[in-house]
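What follows is model-v5.txt (compact mmCIF, C-alpha atoms).
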```
# COMPACT_ATOMS: atom_id res chain seq x y z
CA MET A 1 83.86 93.16 81.45
CA LYS A 2 84.97 96.59 80.26
CA LEU A 3 88.00 96.51 82.57
CA ARG A 4 89.01 93.09 81.28
CA PHE A 5 88.65 94.26 77.69
CA VAL A 6 90.90 97.24 78.45
CA ILE A 7 93.50 94.94 80.03
CA PHE A 8 93.34 92.62 77.02
CA THR A 9 93.72 95.51 74.56
CA LEU A 10 96.64 97.02 76.44
CA SER A 11 98.33 93.63 76.65
CA LEU A 12 98.33 93.49 72.87
CA LEU A 13 99.85 96.95 72.65
CA PHE A 14 102.62 96.13 75.10
CA SER A 15 103.43 92.65 73.85
CA CYS A 16 105.77 93.83 71.11
CA GLY A 17 108.95 93.42 73.19
CA PRO A 18 111.70 90.91 72.36
CA ARG A 19 110.55 87.29 72.11
CA PHE A 20 112.65 84.15 72.34
CA HIS A 21 111.28 81.41 70.08
CA GLN A 22 114.56 79.51 69.79
CA PRO A 23 114.99 76.08 71.40
CA LEU A 24 116.24 76.05 74.98
CA THR A 25 120.01 76.14 74.47
CA ASP A 26 123.01 76.99 76.62
CA ASP A 27 123.73 80.14 74.62
CA LEU A 28 120.16 81.42 74.80
CA VAL A 29 119.67 80.85 78.50
CA THR A 30 123.07 82.25 79.42
CA THR A 31 122.09 85.36 77.48
CA VAL A 32 118.91 85.79 79.49
CA GLY A 33 120.56 85.20 82.83
CA PHE A 34 120.85 81.51 83.82
CA PRO A 35 122.99 78.56 82.72
CA VAL A 36 121.21 75.28 81.91
CA GLU A 37 121.36 72.25 84.19
CA LYS A 38 121.17 69.19 81.96
CA GLU A 39 120.73 66.64 84.76
CA TRP A 40 117.62 66.57 86.91
CA PRO A 41 118.71 67.36 90.51
CA LYS A 42 118.68 64.28 92.73
CA SER A 43 117.31 66.31 95.62
CA LEU A 44 114.07 67.04 93.75
CA ASP A 45 111.28 64.46 93.35
CA LYS A 46 110.92 63.86 89.61
CA THR A 47 107.56 62.10 90.00
CA ALA A 48 106.20 65.05 91.97
CA PHE A 49 107.54 67.36 89.27
CA GLU A 50 105.66 65.42 86.57
CA ARG A 51 102.48 65.84 88.63
CA LEU A 52 103.18 69.56 88.98
CA LYS A 53 103.71 69.89 85.23
CA LYS A 54 100.48 68.01 84.48
CA ARG A 55 98.56 70.20 86.93
CA ALA A 56 100.14 73.27 85.33
CA GLU A 57 98.76 72.19 81.96
CA GLU A 58 95.31 71.57 83.43
CA GLU A 59 95.38 75.03 85.00
CA ARG A 60 96.13 76.62 81.59
CA THR A 61 99.65 77.70 82.50
CA THR A 62 101.59 79.51 79.76
CA ALA A 63 104.95 79.64 81.56
CA LEU A 64 106.50 77.27 84.09
CA VAL A 65 110.10 78.06 85.05
CA LEU A 66 112.22 76.33 87.69
CA ILE A 67 115.64 77.53 88.85
CA HIS A 68 117.69 75.28 91.15
CA GLU A 69 121.06 76.27 92.58
CA GLY A 70 121.14 79.20 90.15
CA LYS A 71 120.61 76.99 87.08
CA LEU A 72 117.60 76.58 84.84
CA ILE A 73 116.23 73.05 85.22
CA HIS A 74 112.89 73.53 83.47
CA ALA A 75 111.17 76.08 81.22
CA SER A 76 108.02 75.32 79.27
CA ASN A 77 104.61 76.51 78.16
CA PRO A 78 102.39 73.65 79.39
CA LEU A 79 99.36 75.09 77.57
CA GLY A 80 101.24 74.96 74.26
CA LYS A 81 100.02 78.31 72.96
CA GLY A 82 102.88 80.74 72.37
CA HIS A 83 106.39 80.59 73.79
CA TRP A 84 107.19 80.13 77.48
CA ASN A 85 109.21 83.37 77.68
CA GLU A 86 106.77 85.88 76.20
CA PRO A 87 105.96 88.91 78.38
CA ALA A 88 102.69 88.76 80.32
CA PHE A 89 101.04 90.81 83.02
CA ALA A 90 102.66 90.16 86.40
CA MET A 91 99.51 91.44 88.14
CA SER A 92 100.13 91.82 91.90
CA VAL A 93 103.56 90.19 91.60
CA THR A 94 104.36 93.79 90.61
CA LYS A 95 103.99 94.81 94.27
CA SER A 96 106.75 92.46 95.36
CA ILE A 97 109.09 93.83 92.69
CA VAL A 98 108.28 97.37 93.85
CA ALA A 99 109.31 96.34 97.38
CA LEU A 100 112.77 95.40 96.13
CA ALA A 101 113.19 98.72 94.31
CA LEU A 102 112.13 100.65 97.41
CA GLY A 103 114.67 98.62 99.33
CA GLY A 104 117.36 99.97 97.06
CA MET A 105 116.13 103.49 97.74
CA SER A 106 116.14 102.80 101.46
CA ASP A 107 119.71 101.52 101.24
CA MET A 108 120.70 104.87 99.73
CA GLY A 109 118.90 106.86 102.41
CA MET A 110 116.16 108.24 100.17
CA LEU A 111 113.50 106.50 102.27
CA LYS A 112 113.38 105.30 105.85
CA LEU A 113 111.16 102.38 106.71
CA ASP A 114 109.85 103.70 110.03
CA GLU A 115 110.02 107.45 109.51
CA PRO A 116 106.64 109.16 109.07
CA LEU A 117 106.34 110.01 105.38
CA SER A 118 104.89 113.39 106.33
CA ARG A 119 108.33 114.59 107.48
CA ARG A 120 110.06 114.63 104.11
CA VAL A 121 107.99 112.97 101.39
CA LEU A 122 104.32 113.82 101.99
CA PRO A 123 104.23 117.14 103.89
CA GLU A 124 100.56 117.52 102.90
CA TRP A 125 99.78 115.00 105.64
CA LYS A 126 101.76 116.78 108.34
CA ASP A 127 98.85 118.22 110.33
CA ASP A 128 96.31 115.39 110.24
CA PRO A 129 96.09 111.78 111.52
CA ARG A 130 97.82 110.48 108.38
CA SER A 131 101.03 112.10 109.65
CA LYS A 132 101.80 108.82 111.46
CA ILE A 133 101.89 106.72 108.27
CA THR A 134 105.31 105.25 107.50
CA LEU A 135 106.66 103.35 104.51
CA ARG A 136 106.35 100.17 106.61
CA HIS A 137 102.63 100.79 107.04
CA MET A 138 102.24 101.07 103.28
CA LEU A 139 104.27 97.94 102.60
CA ASN A 140 102.54 95.75 105.17
CA HIS A 141 99.00 96.97 104.36
CA THR A 142 98.34 98.60 107.74
CA SER A 143 98.23 102.27 106.64
CA GLY A 144 94.49 102.44 107.30
CA LEU A 145 93.93 104.47 104.13
CA ASP A 146 90.90 104.18 101.88
CA LYS A 147 91.23 101.36 99.35
CA LYS A 148 89.48 102.90 96.34
CA ARG A 149 91.89 103.15 93.41
CA ALA A 150 92.05 106.26 91.25
CA SER A 151 90.63 104.39 88.26
CA GLU A 152 87.70 103.12 90.36
CA ALA A 153 86.96 106.62 91.63
CA ALA A 154 86.88 107.89 88.04
CA ARG A 155 84.43 105.16 86.99
CA ASP A 156 82.24 105.72 90.04
CA GLY A 157 82.03 109.38 89.09
CA GLY A 158 80.85 108.50 85.60
CA GLN A 159 84.23 109.45 84.14
CA GLU A 160 85.55 106.13 82.91
CA ASN A 161 87.72 107.84 80.29
CA ALA A 162 88.80 110.69 82.56
CA VAL A 163 92.47 111.52 83.01
CA ILE A 164 93.73 109.93 86.22
CA ASN A 165 96.03 111.68 88.67
CA LEU A 166 97.61 109.15 91.03
CA GLU A 167 99.34 111.81 93.08
CA ASP A 168 96.23 113.88 93.69
CA HIS A 169 94.08 110.83 94.43
CA GLY A 170 96.60 109.35 96.85
CA LEU A 171 97.12 112.61 98.72
CA ARG A 172 93.34 112.97 99.20
CA ALA A 173 92.82 109.40 100.48
CA ARG A 174 91.31 109.46 103.95
CA LEU A 175 91.78 107.03 106.84
CA ARG A 176 89.33 104.13 107.22
CA THR A 177 90.98 102.69 110.33
CA GLU A 178 93.61 103.82 112.80
CA VAL A 179 97.14 103.78 111.37
CA GLY A 180 98.87 100.47 112.12
CA SER A 181 95.83 98.83 113.70
CA THR A 182 94.55 96.53 110.93
CA PHE A 183 95.80 94.49 107.99
CA GLU A 184 93.77 95.37 104.89
CA TYR A 185 95.10 94.52 101.44
CA ASN A 186 95.19 97.86 99.63
CA ASN A 187 95.81 98.34 95.90
CA GLN A 188 95.29 102.08 96.12
CA VAL A 189 98.19 102.49 98.54
CA ALA A 190 100.35 100.19 96.42
CA ASP A 191 99.59 102.32 93.33
CA PHE A 192 100.57 105.44 95.28
CA LEU A 193 104.00 103.99 96.12
CA SER A 194 105.22 105.09 92.68
CA VAL A 195 104.48 108.70 93.68
CA VAL A 196 106.10 108.22 97.11
CA ALA A 197 109.22 106.86 95.41
CA LYS A 198 109.42 109.74 92.92
CA ARG A 199 109.01 112.32 95.66
CA ALA A 200 111.71 110.67 97.78
CA MET A 201 114.37 111.06 95.11
CA PRO A 202 116.88 113.94 95.42
CA LYS A 203 115.57 117.25 94.13
CA GLY A 204 116.66 117.84 90.57
CA GLN A 205 117.23 114.11 90.04
CA ALA A 206 113.69 112.76 90.42
CA VAL A 207 112.36 110.60 87.59
CA ARG A 208 109.21 108.54 87.26
CA PHE A 209 109.38 105.34 89.27
CA ASP A 210 109.26 103.07 86.21
CA ASP A 211 112.27 104.87 84.73
CA TYR A 212 114.12 104.63 88.05
CA LEU A 213 113.36 100.90 88.22
CA GLN A 214 114.59 100.38 84.66
CA LEU A 215 117.79 102.36 85.23
CA THR A 216 118.66 100.57 88.47
CA LEU A 217 117.27 97.15 89.36
CA PHE A 218 116.10 96.08 85.90
CA ARG A 219 119.28 97.15 84.16
CA SER A 220 121.41 95.28 86.68
CA LEU A 221 119.30 92.12 86.29
CA GLY A 222 119.25 92.32 82.48
CA VAL A 223 115.47 92.64 82.32
CA ILE A 224 114.27 93.01 78.72
CA GLY A 225 111.00 94.39 77.41
CA ALA A 226 109.33 95.32 80.71
CA ALA A 227 106.36 97.65 80.15
CA TRP A 228 103.65 99.31 82.23
CA ILE A 229 100.08 100.39 81.70
CA LYS A 230 100.15 104.19 81.66
CA LYS A 231 96.86 105.91 82.54
CA ASP A 232 98.13 108.66 84.82
CA VAL A 233 98.28 112.29 83.70
CA SER A 234 101.97 112.50 84.71
CA GLY A 235 102.89 109.08 83.36
CA ASP A 236 103.35 107.63 86.84
CA PRO A 237 102.91 103.83 86.81
CA PHE A 238 100.25 102.02 88.81
CA ALA A 239 102.54 100.14 91.17
CA ALA A 240 99.90 97.67 92.38
CA GLY A 241 99.89 95.39 89.37
CA GLU A 242 100.18 96.88 85.88
CA LEU A 243 103.63 95.61 84.91
CA MET A 244 104.39 93.24 82.02
CA MET A 245 107.50 91.06 82.26
CA ARG A 246 109.04 87.93 80.82
CA PRO A 247 108.85 84.81 83.00
CA ILE A 248 112.65 84.49 83.01
CA ASP A 249 112.89 88.00 84.46
CA LEU A 250 110.48 87.09 87.24
CA ALA A 251 112.81 84.18 87.97
CA LYS A 252 115.66 86.69 88.31
CA ILE A 253 113.62 88.58 90.89
CA GLY A 254 113.16 85.34 92.81
CA GLN A 255 116.86 84.53 92.57
CA LEU A 256 117.72 87.98 93.90
CA VAL A 257 115.59 87.31 96.97
CA LEU A 258 117.01 83.80 97.35
CA ASP A 259 120.56 85.21 97.27
CA GLU A 260 119.66 87.91 99.82
CA GLY A 261 120.07 90.85 97.45
CA MET A 262 123.03 89.56 95.40
CA TRP A 263 122.97 89.02 91.63
CA GLN A 264 125.93 87.45 89.83
CA GLY A 265 128.38 88.60 92.48
CA LYS A 266 127.03 92.15 92.74
CA ARG A 267 124.93 93.49 95.58
CA LEU A 268 121.76 95.16 94.32
CA VAL A 269 119.76 95.31 97.56
CA SER A 270 121.07 95.06 101.12
CA LYS A 271 120.78 91.77 102.97
CA GLU A 272 119.15 93.71 105.80
CA TRP A 273 116.32 94.87 103.53
CA ILE A 274 115.68 91.36 102.18
CA THR A 275 115.58 90.00 105.74
CA GLU A 276 113.12 92.70 106.78
CA MET A 277 111.03 92.26 103.64
CA VAL A 278 110.35 88.55 104.20
CA ALA A 279 109.97 88.69 107.97
CA GLN A 280 106.53 89.10 109.51
CA GLY A 281 105.58 92.63 108.53
CA SER A 282 103.10 93.44 111.30
CA PRO A 283 101.42 91.78 114.30
CA HIS A 284 98.22 91.56 112.29
CA LYS A 285 99.22 89.16 109.49
CA GLU A 286 101.70 86.37 110.21
CA SER A 287 101.81 85.20 106.60
CA TYR A 288 102.71 88.62 105.15
CA GLY A 289 105.96 90.57 105.13
CA LEU A 290 106.55 93.76 103.16
CA LEU A 291 104.66 93.16 99.89
CA TRP A 292 105.80 89.50 100.00
CA TRP A 293 103.85 86.50 101.32
CA ARG A 294 105.31 83.92 103.71
CA ARG A 295 104.35 80.28 103.07
CA GLY A 296 104.86 77.04 104.97
CA LYS A 297 103.28 74.59 107.40
CA ARG A 298 100.56 75.67 109.78
CA ASN A 299 99.76 74.50 113.30
CA PRO A 300 96.23 73.29 114.12
CA ASP A 301 95.43 76.82 115.32
CA LYS A 302 96.41 78.10 111.84
CA SER A 303 99.54 79.88 113.07
CA LEU A 304 102.67 79.33 110.99
CA GLN A 305 104.75 76.51 112.42
CA ALA A 306 107.51 76.85 109.85
CA VAL A 307 108.12 79.24 106.97
CA TRP A 308 109.37 77.30 103.96
CA GLY A 309 109.18 79.92 101.25
CA TYR A 310 108.49 83.48 100.18
CA GLU A 311 105.92 84.20 97.52
CA ALA A 312 104.89 86.97 95.17
CA ASN A 313 101.47 86.26 93.68
CA GLY A 314 98.83 87.96 91.61
CA TYR A 315 95.47 87.79 89.86
CA LEU A 316 95.17 84.97 87.32
CA GLY A 317 97.58 82.86 89.37
CA GLN A 318 100.90 84.55 88.67
CA TYR A 319 103.58 83.29 91.06
CA ILE A 320 107.18 83.65 92.10
CA LEU A 321 107.93 81.14 94.85
CA VAL A 322 111.32 81.17 96.59
CA VAL A 323 112.31 78.12 98.69
CA PRO A 324 115.60 79.03 100.44
CA GLU A 325 116.26 75.65 102.08
CA LYS A 326 116.18 73.89 98.70
CA ARG A 327 117.77 76.73 96.71
CA LEU A 328 114.77 76.78 94.37
CA VAL A 329 112.87 79.49 92.51
CA ALA A 330 109.60 78.57 90.80
CA VAL A 331 107.66 80.85 88.43
CA ARG A 332 104.18 80.22 87.09
CA MET A 333 102.36 82.60 84.73
CA ARG A 334 99.09 82.54 82.82
CA ASP A 335 98.87 84.90 79.87
CA PRO A 336 95.19 85.89 79.47
CA ARG A 337 95.65 86.41 75.74
CA ARG A 338 96.07 82.65 75.40
CA ALA A 339 94.59 81.16 78.53
CA GLY A 340 91.55 83.33 79.30
CA PHE A 341 90.71 85.63 82.18
CA SER A 342 88.90 83.32 84.61
CA GLU A 343 90.78 83.64 87.88
CA LYS A 344 88.77 81.15 89.91
CA LYS A 345 88.85 78.38 87.34
CA PHE A 346 92.55 78.42 86.50
CA ASN A 347 94.25 80.22 89.38
CA TYR A 348 96.32 77.11 90.32
CA GLU A 349 95.92 77.73 94.03
CA THR A 350 97.87 74.57 94.93
CA PHE A 351 100.97 75.65 92.99
CA LYS A 352 102.99 76.39 96.11
CA GLN A 353 101.95 73.10 97.70
CA ASP A 354 102.93 71.17 94.58
CA VAL A 355 106.33 72.89 94.57
CA PHE A 356 106.86 72.16 98.26
CA THR A 357 106.00 68.50 97.62
CA MET A 358 108.53 68.36 94.78
CA VAL A 359 111.30 69.57 97.09
CA GLY A 360 110.34 67.20 99.92
CA LEU A 361 108.31 69.57 102.09
CA SER A 362 105.15 67.60 101.55
CA LYS A 363 103.03 68.52 104.54
CA SER A 364 102.28 72.10 103.62
CA ASP A 365 99.03 73.52 104.89
CA GLU A 366 99.60 77.00 103.45
```
Final structure tokens representation of the file:
Amino acid sequence: MKLRFVIFTLSLLFSCGPRFHQPLTDDLVTTVGFPVEKEWPKSLDKTAFERLKKRAEEERTTALVLIHEGKLIHASNPLGKGHWNEPAFAMSVTKSIVALALGGMSDMGMLKLDEPLSRRVLPEWKDDPRSKITLRHMLNHTSGLDKKRASEAARDGGQENAVINLEDHGLRARLRTEVGSTFEYNNQVADFLSVVAKRAMPKGQAVRFDDYLQLTLFRSLGVIGAAWIKKDVSGDPFAAGELMMRPIDLAKIGQLVLDEGMWQGKRLVSKEWITEMVAQGSPHKESYGLLWWRRGKRNPDKSLQAVWGYEANGYLGQYILVVPEKRLVAVRMRDPRRAGFSEKKFNYETFKQDVFTMVGLSKSDE
């Protein structure tokens, strides 16, 4: 309960960014990144969409955004409390955005996906078993490192209000399993990626990861009002899920993935990185890439028969779903300030299935 109260309080502090309360007009939407499509696309099932919208309301959704062929076809707040485009916590969708930013760093040679991080970035690990850990291991959740986050360690030590040091905590994390041997979803490692990124930047030019993200990817996409929880002694952001963004900006992230790293005619991330990011990330988890999920139809043995879409998701039921075949991006958010914190009750676990049904991929088992 204390953690949820802290999240609620911080959300109020960070929710002072620009808000768009105007009606959905051509001028407004063009300003925020997408033109408006006035006709409902014939390739999308309108009846299935109405069912999706009704389910979104039942699941206490505060933002439902659909982009088709690069145009906005729907944007609403089904719950009716607040505006559809107000910033809210992206939760673990943050991880998927971090993957794109790290891709940009990889494209510039600052990071190498399969190079042991101990060689250039984390020399402290050079002479122990962690020396084998690569960026890929961190992105596909097979690093084997301990999962306890820095904030959890502080609470366990009776220091709930203690200053947190992400760098120190991450460097001291020990192995639980052999590197590369097991898929284990790991928020601690995801948090630590902000430190890895900062250390990988050229000497004399290193900035905090949130500043780097704002100056590069976010600036290019026209992201407005993004903010992070800051609890670290050095101001490093928790990269696992403490980012606030507008729903329309999450749609831009999805569109960037759909267009294989291109945004409005400009390449922001290499096609090679996007391809690698949404491919199977390790032999241990077929439905996971590099901080992105892979969704589609499953065989009777539960293996993936066909991958229909790529998904970023997070606590409370935050979603970016990209459906390449149908040129669709779907965003769903639930702002806890208006819709409550209950994950299990209003997580909208069938969101992806409802979207797949709307685009004619109706036999999804994933």
What are the nearest atom pairs, with distances in Å to one decimal, for all residues of stretch 100-217 of chain A that come at most 8 Å from stretch 266-273 of chain A, using all atoms listed in the file, set out by chain and rising residue number as a Markdown table?
```
| residue | atom | partner | partner_atom | distance |
| --- | --- | --- | --- | --- |
| A:Leu100 | CA | A:Val269 | CA | 7.1 |
| A:Gly103 | CA | A:Trp273 | CA | 5.9 |
| A:Gly104 | CA | A:Val269 | CA | 5.3 |
| A:Asp107 | CA | A:Ser270 | CA | 6.6 |
| A:Leu217 | CA | A:Leu268 | CA | 7.0 |
```
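If you look at atom CA of A:Thr142 and atom CA of A:Ile97, they are 19.1 Å away from each other.
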Problem set entry | Non-local contacts of A:Asn140 (8 Å; only C-alpha atoms; under 6 positions in same chain excluded) as a PyMOL selection string | chain A and resi 183+281-282+288-291
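The residue that comes closest to A:Ala75, out of A:Arg130, A:Ala330, A:Asn165, A:Arg199 and on the basis of only C-alpha atoms, is A:Ala330.
Computed from the coordinates, the atom CA of A:Tyr319 to atom CA of A:Lys42 distance equals 24.3 Å.
The two atoms in question, atom CA of A:Trp292 and atom CA of A:Lys54, are spaced 27.0 Å apart.
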For this session: Pick out the residues sitting within 6 Å of A:Leu79, and hand them over as a list in words; count all atoms listed in the file, and ignore anything fewer than 2 positions along from it in its own chain.
Result: Glu57, Arg60, Thr61, Thr62, Asn77 and Lys81 of chain A
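Excluding stretch 46-49 of chain A itself and any same-chain residue fewer than 6 positions from it, the protein and nucleic acid residues within 8 Å of it, counting all atoms listed in the file, are Trp40, Asp354, Val355, Thr357 and Met358 of chain A.
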Problem set entry | For A:Tyr212: contacts at 12 Å, all atoms listed in the file, fewer than 2 positions along chain excluded, given as a list in words | Val98, Ala101, Leu102, Gly104, Met105, Ser194, Val195, Ala197, Lys198, Arg199, Ala200, Met201, Gln205, Ala206, Val207, Arg208, Phe209, Asp210, Gln214, Leu215, Thr216, Leu217, Phe218, Arg219, Ser220, Asp236 and Pro237 of chain A
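Within 7 Å of stretch 67-72 of chain A there are A:Phe34, A:Pro35, A:Val36, A:Glu37, A:Arg327, A:Leu328, A:Val329, A:Ala330, counting only C-alpha atoms and ignoring same-chain residues fewer than 4 positions away.
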For this session: Go through A:Arg55, A:Asp45, A:Lys302, A:Asn85 and flag the residue nearest A:Gly360, using all atoms listed in the file for the distances.
Result: A:Asp45
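Nearest-residue note for A:Gly80: choosing from A:Ile229, A:Val93, A:Val179, A:Leu64, the minimum distance belongs to A:Leu64, counting only C-alpha atoms.
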Exercise. Which of these residues is nearest to A:Trp228, using all atoms listed in the file: A:Met91, A:Val331, A:Leu122, A:Val359?
Worked result: A:Met91
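Minimum atom-to-atom distances from A:Arg174, A:His74, A:Lys95, A:Ile164 to A:Ile133 were compared using only C-alpha atoms, and the lowest value belongs to A:Arg174.
Nearest to A:Trp263 of all the residues A:Ser342, A:His284, A:Gly222, A:Gly309 is A:Gly222, counting only C-alpha atoms.
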